[in-house]
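So this block is model-v7.cif, mmCIF, C-alpha atoms:
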data_coords
loop_
_atom_site.label_atom_id
_atom_site.label_comp_id
_atom_site.auth_asym_id
_atom_site.auth_seq_id
_atom_site.Cartn_x
_atom_site.Cartn_y
_atom_site.Cartn_z
CA MET A 26 0.00 0.00 0.00
CA LYS A 27 1.69 3.19 -1.16
CA LEU A 28 0.71 6.80 -0.55
CA ASP A 29 1.81 9.29 -3.17
CA ILE A 30 3.02 12.64 -1.86
CA LEU A 31 1.57 15.47 -3.90
CA THR A 32 2.88 19.03 -4.02
CA ASN A 33 0.37 21.76 -3.64
CA ILE A 34 0.66 25.27 -5.09
CA GLU A 35 0.99 24.15 -8.72
CA LYS A 36 -1.57 21.41 -8.17
CA LEU A 37 -4.06 23.86 -6.65
CA ASP A 38 -3.56 26.33 -9.52
CA THR A 39 -4.07 23.57 -12.09
CA GLN A 40 -7.23 22.37 -10.35
CA LYS A 41 -8.64 25.89 -10.26
CA PHE A 42 -7.86 26.33 -13.97
CA ILE A 43 -9.67 23.09 -14.82
CA ILE A 44 -12.67 23.86 -12.58
CA SER A 45 -12.97 27.29 -14.22
CA GLY A 46 -12.83 25.60 -17.62
CA ILE A 47 -15.57 23.14 -16.69
CA ARG A 48 -17.73 26.00 -15.38
CA ASP A 49 -17.22 27.95 -18.63
CA LEU A 50 -18.08 24.85 -20.66
CA ILE A 51 -21.31 24.31 -18.72
CA ASN A 52 -22.29 27.94 -19.29
CA GLN A 53 -21.26 28.11 -22.96
CA LYS A 54 -23.12 24.92 -23.85
CA ASN A 55 -26.08 25.81 -21.59
CA LEU A 56 -25.80 22.44 -19.86
CA GLU A 57 -28.59 21.72 -17.41
CA PRO A 58 -28.97 19.25 -14.52
CA GLY A 59 -28.59 15.73 -15.88
CA ASP A 60 -26.67 16.80 -19.00
CA LYS A 61 -23.47 14.94 -19.74
CA LEU A 62 -20.02 16.53 -19.75
CA PRO A 63 -17.53 15.73 -22.52
CA ALA A 64 -15.30 12.71 -21.87
CA GLU A 65 -12.09 13.10 -19.81
CA ARG A 66 -10.02 12.69 -22.99
CA VAL A 67 -11.87 15.56 -24.70
CA LEU A 68 -11.56 17.83 -21.65
CA SER A 69 -7.88 16.94 -21.37
CA GLU A 70 -7.22 17.95 -24.98
CA LYS A 71 -9.36 21.10 -24.76
CA LEU A 72 -7.72 22.38 -21.56
CA GLU A 73 -4.27 20.98 -22.40
CA VAL A 74 -3.80 19.19 -19.08
CA SER A 75 -3.40 15.53 -18.18
CA ARG A 76 -6.39 13.22 -17.85
CA ASN A 77 -5.32 12.55 -14.27
CA ASN A 78 -5.64 16.29 -13.50
CA ILE A 79 -9.08 16.32 -15.14
CA ARG A 80 -10.13 13.32 -13.06
CA GLU A 81 -9.00 14.96 -9.80
CA ALA A 82 -10.87 18.20 -10.60
CA ILE A 83 -14.03 16.23 -11.43
CA GLN A 84 -13.69 14.30 -8.16
CA LYS A 85 -13.44 17.59 -6.28
CA LEU A 86 -16.59 18.96 -7.94
CA GLU A 87 -18.31 15.64 -7.29
CA PHE A 88 -17.29 15.85 -3.63
CA TYR A 89 -19.08 19.21 -3.41
CA GLY A 90 -22.14 17.74 -5.10
CA LEU A 91 -21.86 19.70 -8.37
CA LEU A 92 -21.12 16.78 -10.68
CA LYS A 93 -22.09 13.12 -10.62
CA SER A 94 -19.97 10.38 -12.17
CA ILE A 95 -21.68 7.15 -13.23
CA PRO A 96 -19.41 4.18 -14.07
CA GLN A 97 -19.46 3.25 -17.76
CA SER A 98 -21.74 6.22 -18.51
CA GLY A 99 -19.77 9.41 -17.84
CA THR A 100 -19.96 12.56 -15.77
CA PHE A 101 -23.15 14.58 -15.47
CA VAL A 102 -24.20 17.97 -14.10
CA ALA A 103 -25.83 17.37 -10.72
CA ASN A 104 -29.39 18.34 -9.89
CA ILE A 105 -28.63 21.97 -9.10
CA GLY A 106 -29.55 25.18 -10.91
CA VAL A 107 -26.94 26.99 -13.02
CA ILE A 108 -26.96 30.13 -10.84
CA ALA A 109 -26.37 28.10 -7.67
CA LEU A 110 -23.75 25.98 -9.46
CA ASN A 111 -21.83 29.05 -10.62
CA GLY A 112 -21.98 30.55 -7.14
CA MET A 113 -20.67 27.38 -5.52
CA ILE A 114 -17.86 27.04 -8.06
CA ASP A 115 -16.86 30.65 -7.39
CA ASP A 116 -16.69 29.80 -3.68
CA ILE A 117 -14.55 26.73 -4.42
CA LEU A 118 -12.18 28.81 -6.54
CA ARG A 119 -11.77 31.28 -3.68
CA LEU A 120 -10.77 28.56 -1.25
CA GLU A 121 -7.16 28.85 -0.21
CA GLU A 122 -4.78 26.08 0.73
CA PRO A 123 -5.23 25.64 4.50
CA ASP A 124 -2.29 26.30 6.78
CA PHE A 125 -0.57 23.31 8.32
CA LYS A 126 -1.86 23.88 11.85
CA SER A 127 -5.44 23.96 10.54
CA LEU A 128 -4.88 20.66 8.77
CA VAL A 129 -3.51 19.04 11.92
CA GLU A 130 -6.41 20.37 14.00
CA THR A 131 -8.89 19.05 11.44
CA ARG A 132 -7.17 15.69 11.55
CA ILE A 133 -7.50 15.53 15.36
CA LEU A 134 -11.20 16.43 15.29
CA LEU A 135 -11.90 13.94 12.49
CA GLU A 136 -9.99 11.05 13.96
CA LEU A 137 -11.48 11.21 17.46
CA LYS A 138 -14.86 10.58 15.82
CA THR A 139 -13.51 8.22 13.18
CA VAL A 140 -11.87 5.84 15.63
CA LYS A 141 -15.15 5.42 17.53
CA LEU A 142 -16.98 4.57 14.31
CA ALA A 143 -14.20 2.18 13.30
CA ALA A 144 -14.51 0.36 16.64
CA LEU A 145 -18.23 -0.08 16.03
CA ARG A 146 -18.13 -0.96 12.34
CA ARG A 147 -14.78 -2.57 11.56
CA THR A 148 -14.74 -5.82 9.61
CA ASP A 149 -12.16 -8.61 9.72
CA GLU A 150 -10.78 -7.26 6.43
CA ASP A 151 -10.39 -3.81 8.01
CA LEU A 152 -8.43 -5.35 10.88
CA ILE A 153 -6.09 -7.03 8.40
CA LYS A 154 -5.40 -3.70 6.65
CA MET A 155 -4.75 -1.95 9.96
CA LYS A 156 -2.47 -4.75 11.10
CA GLU A 157 -0.49 -4.60 7.86
CA ALA A 158 0.00 -0.82 8.22
CA LEU A 159 0.95 -1.21 11.88
CA GLU A 160 3.53 -3.88 11.05
CA ALA A 161 5.00 -1.72 8.27
CA TYR A 162 5.27 1.21 10.69
CA THR A 163 6.89 -0.95 13.37
CA GLU A 164 9.40 -2.41 10.92
CA LYS A 165 10.55 1.02 9.74
CA VAL A 166 10.76 2.50 13.24
CA ASN A 167 12.79 -0.46 14.53
CA ALA A 168 15.12 -0.06 11.55
CA GLY A 169 15.65 3.60 12.47
CA LYS A 170 13.94 4.83 9.30
CA ASP A 171 11.40 7.61 8.80
CA ALA A 172 7.92 6.11 9.16
CA VAL A 173 5.62 9.12 8.70
CA GLN A 174 3.91 7.61 5.66
CA GLU A 175 3.35 4.28 7.41
CA ASP A 176 1.99 6.13 10.45
CA LEU A 177 -0.59 7.96 8.38
CA LEU A 178 -1.45 4.86 6.36
CA PHE A 179 -2.45 3.22 9.64
CA HIS A 180 -4.76 6.15 10.34
CA LEU A 181 -6.19 6.00 6.81
CA ALA A 182 -6.98 2.31 7.38
CA ILE A 183 -8.94 3.36 10.49
CA ALA A 184 -10.79 5.99 8.44
CA LYS A 185 -11.78 3.36 5.90
CA ALA A 186 -12.96 1.08 8.71
CA SER A 187 -15.30 3.84 9.92
CA GLY A 188 -17.61 3.02 7.03
CA ASN A 189 -18.14 6.73 6.38
CA SER A 190 -17.09 7.57 2.83
CA THR A 191 -17.07 11.33 3.47
CA ILE A 192 -14.70 11.03 6.44
CA ASN A 193 -12.52 8.72 4.38
CA THR A 194 -12.42 11.25 1.53
CA LEU A 195 -11.57 14.12 3.89
CA MET A 196 -8.69 12.11 5.36
CA LEU A 197 -7.39 11.32 1.89
CA MET A 198 -7.57 15.03 1.02
CA ILE A 199 -5.61 16.33 4.01
CA THR A 200 -3.12 13.48 4.48
CA PRO A 201 -0.71 14.24 1.59
CA GLU A 202 -0.30 17.85 2.78
CA ILE A 203 0.34 16.68 6.34
CA ILE A 204 2.97 14.19 5.18
CA THR A 205 4.71 16.81 3.04
CA ASN A 206 5.00 19.27 5.93
CA PHE A 207 5.37 17.00 8.96
CA GLU A 208 9.17 17.25 9.13
CA THR A 209 9.24 20.93 8.12
CA HIS A 210 7.11 21.99 11.06
CA HIS A 211 8.84 19.71 13.60
CA VAL A 212 5.51 18.56 15.01
CA CYS A 213 6.78 15.49 16.82
CA ASP A 214 10.19 14.49 18.09
CA LYS A 215 11.65 11.51 16.25
CA GLY A 216 12.31 9.93 19.63
CA LEU A 217 8.56 9.44 20.03
CA ALA A 218 8.44 6.90 17.20
CA GLN A 219 8.98 3.92 19.52
CA LEU A 220 6.21 5.17 21.78
CA GLY A 221 4.08 5.47 18.66
CA ILE A 222 4.31 1.70 18.16
CA LYS A 223 2.76 1.04 21.58
CA GLU A 224 0.12 3.71 21.03
CA HIS A 225 -0.85 2.27 17.66
CA GLU A 226 -1.06 -1.19 19.16
CA ALA A 227 -3.36 0.12 21.92
CA ILE A 228 -5.63 1.83 19.36
CA PHE A 229 -5.71 -1.32 17.24
CA ALA A 230 -6.55 -3.50 20.25
CA ALA A 231 -9.45 -1.22 21.25
CA ILE A 232 -10.85 -1.27 17.72
CA LYS A 233 -10.47 -5.05 17.57
CA LYS A 234 -12.41 -5.35 20.87
CA GLN A 235 -15.05 -3.03 19.40
CA ASN A 236 -14.75 -0.67 22.37
CA PRO A 237 -15.41 2.86 20.98
CA LYS A 238 -14.88 4.68 24.29
CA LEU A 239 -11.48 3.06 24.84
CA ALA A 240 -10.53 3.57 21.18
CA LYS A 241 -11.23 7.31 21.45
CA GLN A 242 -9.24 7.55 24.69
CA LYS A 243 -6.23 5.77 23.17
CA MET A 244 -6.38 7.99 20.09
CA LYS A 245 -6.51 11.08 22.30
CA GLU A 246 -3.42 9.88 24.19
CA HIS A 247 -1.70 9.24 20.85
CA PHE A 248 -2.42 12.83 19.82
CA SER A 249 -0.94 14.39 22.99
CA GLU A 250 1.97 15.98 21.07
CA LEU A 251 -0.34 17.24 18.33
CA TYR A 252 -2.55 18.79 21.01
CA LYS A 253 0.47 20.67 22.34
CA TYR A 254 1.33 21.84 18.83
CA CYS A 255 -2.20 23.06 18.03
CA TYR A 256 -3.37 24.40 21.37
CA ASN A 257 -0.16 25.23 23.27
CA VAL A 258 -1.17 23.08 26.23
#
Turn the structure described in the file into structure tokens.
Amino acid sequence: MKLDILTNIEKLDTQKFIISGIRDLINQKNLEPGDKLPAERVLSEKLEVSRNNIREAIQKLEFYGLLKSIPQSGTFVANIGVIALNGMIDDILRLEEPDFKSLVETRILLELKTVKLAALRRTDEDLIKMKEALEAYTEKVNAGKDAVQEDLLFHLAIAKASGNSTINTLMLMITPEIITNFETHHVCDKGLAQLGIKEHEAIFAAIKKQNPKLAKQKMKEHFSELYKYCYNV
């Protein structure tokens, strides 16, 4: 399981360019709710960007409920009026890249809820994925290697186990930025990595026992350094 690290300023500018292009296309062609957008290949050629960039922009608009992708059929304008759609796209284009502390705070708030849901809803397959990520983290830490990616992959496995697709999507959105800036901002001392193994094991055990209260408590203990970073406590 590999997590790609994405850089942000250029990526954000490209996404905004594509989203603007899709908005202009909808307006120029007078597309209405339920109308189909051109294929990714056509949009890629028209806007002169990669199909992967087109796909990511479409996913973002779909996340906000402005587009709807149907497998084997294509991407369609969602059931929303053109005036409202234009207004919402304008708001999306005005969004700025959040600062690192805001991302970390969002992660804390999300995960304290997520881990409780994971304890209630996890499947045997979810436990296997968490265990694999935990073992990968442990192996790297014991070898004296940087294990930030493996750490966050463990948390992403918990998000998936929550059974809430929106929470999972939000975690996937903020995780690459956190990984990219973790070392830069010196959030946690590298000496805490060994302690992290025990904390991860405690979280995993609580989820396995399906004890949401204990799972939340163990996650809160795991986030003690992040709490200090965000709230100066």
Set the distance at 12 Å and use only C-alpha atoms: which residues neighbour Glu157 in chain A once local chain neighbours fewer than 6 positions away are removed? I'd like the list as a ChimeraX atom specification. /A:26,150-151,163-164,175-176,178-180,182-183,225-226,229
Given only C-alpha atoms as the basis, pick out the residue of A:Leu118, A:Val67, A:Leu128, A:Ile153 nearest to Leu197 in chain A.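 Closest to Leu197 in chain A, using only C-alpha atoms: A:Leu128.
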Within 9 Å of Arg132 in chain A, counting only C-alpha atoms, which residues qualify if same-chain residues fewer than 6 places away don't, as a PDB file with C-alpha atoms, in the frame of the given file?
ATOM      1  CA  LEU A 195     -11.570  14.120   3.890  1.00  0.00           C
ATOM      2  CA  MET A 196      -8.690  12.110   5.360  1.00  0.00           C
ATOM      3  CA  ILE A 199      -5.610  16.330   4.010  1.00  0.00           C
ATOM      4  CA  THR A 200      -3.120  13.480   4.480  1.00  0.00           C
TER       5      THR A 200
END
Of the candidates A:Ser75, A:Cys255, A:Arg80, A:Lys61, which shows the shortest atom-to-atom distance to Ala103 in chain A, using all atoms listed in the file?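 Between A:Ser75, A:Cys255, A:Arg80, A:Lys61, the residue approaching Ala103 in chain A most closely is A:Lys61.
Ranking A:Ala64, A:Ile133, A:Ile114, A:Ile105 by their shortest atom-to-atom distance to Phe42 in chain A, with all atoms listed in the file included, puts A:Ile114 first.
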For the file shown, report as a PyMOL selection string the outcome of the PyMOL selection byres ((chain A and resi 45) around 12) at residue level. chain A and resi 38-44+46-52+72+79+82-83+86+110-119
Between CA of Val173 in chain A and CA of Glu81 in chain A, what is the distance, to one decimal in Å?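 One can read the CA of Val173 in chain A to CA of Glu81 in chain A distance as 24.3 Å.
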Show me, as an MDAnalysis selection string, the residues that have an atom within 8 Å of Glu224 in chain A when counting all atoms listed in the file, minus same-chain residues fewer than 5 positions from it. chainID A and resid 243:244 246:247
Residue with the minimum atom-to-atom distance to Asn257 in chain A, picked from A:Leu62, A:Leu181, A:Gly188, A:Lys126 with all atoms listed in the file counted, is A:Lys126
When the PyMOL selection byres ((chain A and resi 93) around 12) is applied to the structure above, which residues does it catch, written out as a list in words?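 When the PyMOL selection byres ((chain A and resi 93) around 12) is applied, the selected residues are Pro58, Gly59, Asp60, Lys61, Leu62, Ile83, Gln84, Lys85, Leu86, Glu87, Phe88, Tyr89, Gly90, Leu91, Leu92, Ser94, Ile95, Pro96, Ser98, Gly99, Thr100, Phe101, Val102, Ala103, Asn104 and Ile105 of chain A.
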Between CA of Gly221 in chain A and CA of Asn193 in chain A, measure the distance and give it in Å to one decimal. 22.1 Å
Could you write out as lines of an AutoDock Vina configuration file the box around range 99-102 of chain A (axis-aligned, all atoms listed in the file, 5 Å on each side), with centre and edge lengths in Å to one decimal?
center_x = -22.0
center_y = 13.7
center_z = -16.0
size_x = 14.4
size_y = 18.6
size_z = 13.7
Between A:Val129, A:Leu37, A:Leu177, A:Ile192, which is the closest to Glu250 in chain A once you count all atoms listed in the file?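 For Glu250 in chain A, the nearest of the candidates is A:Val129.
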What is the distance between CA of Leu220 in chain A and CA of Asp124 in chain A, in Å to one decimal? 27.3 Å
Which residues are close to Glu65 in chain A, i.e. within 7 Å by only C-alpha atoms, leaving aside same-chain residues fewer than 3 positions away? Reply as a PyMOL selection string. chain A and resi 68-69+76+79
Looking at A:Glu70, A:Asn55, A:Ile222, A:Gln242, which one is nearest to Ala158 in chain A, with distances taken over all atoms listed in the file?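 Among A:Glu70, A:Asn55, A:Ile222, A:Gln242, it is A:Ile222 that comes nearest to Ala158 in chain A.
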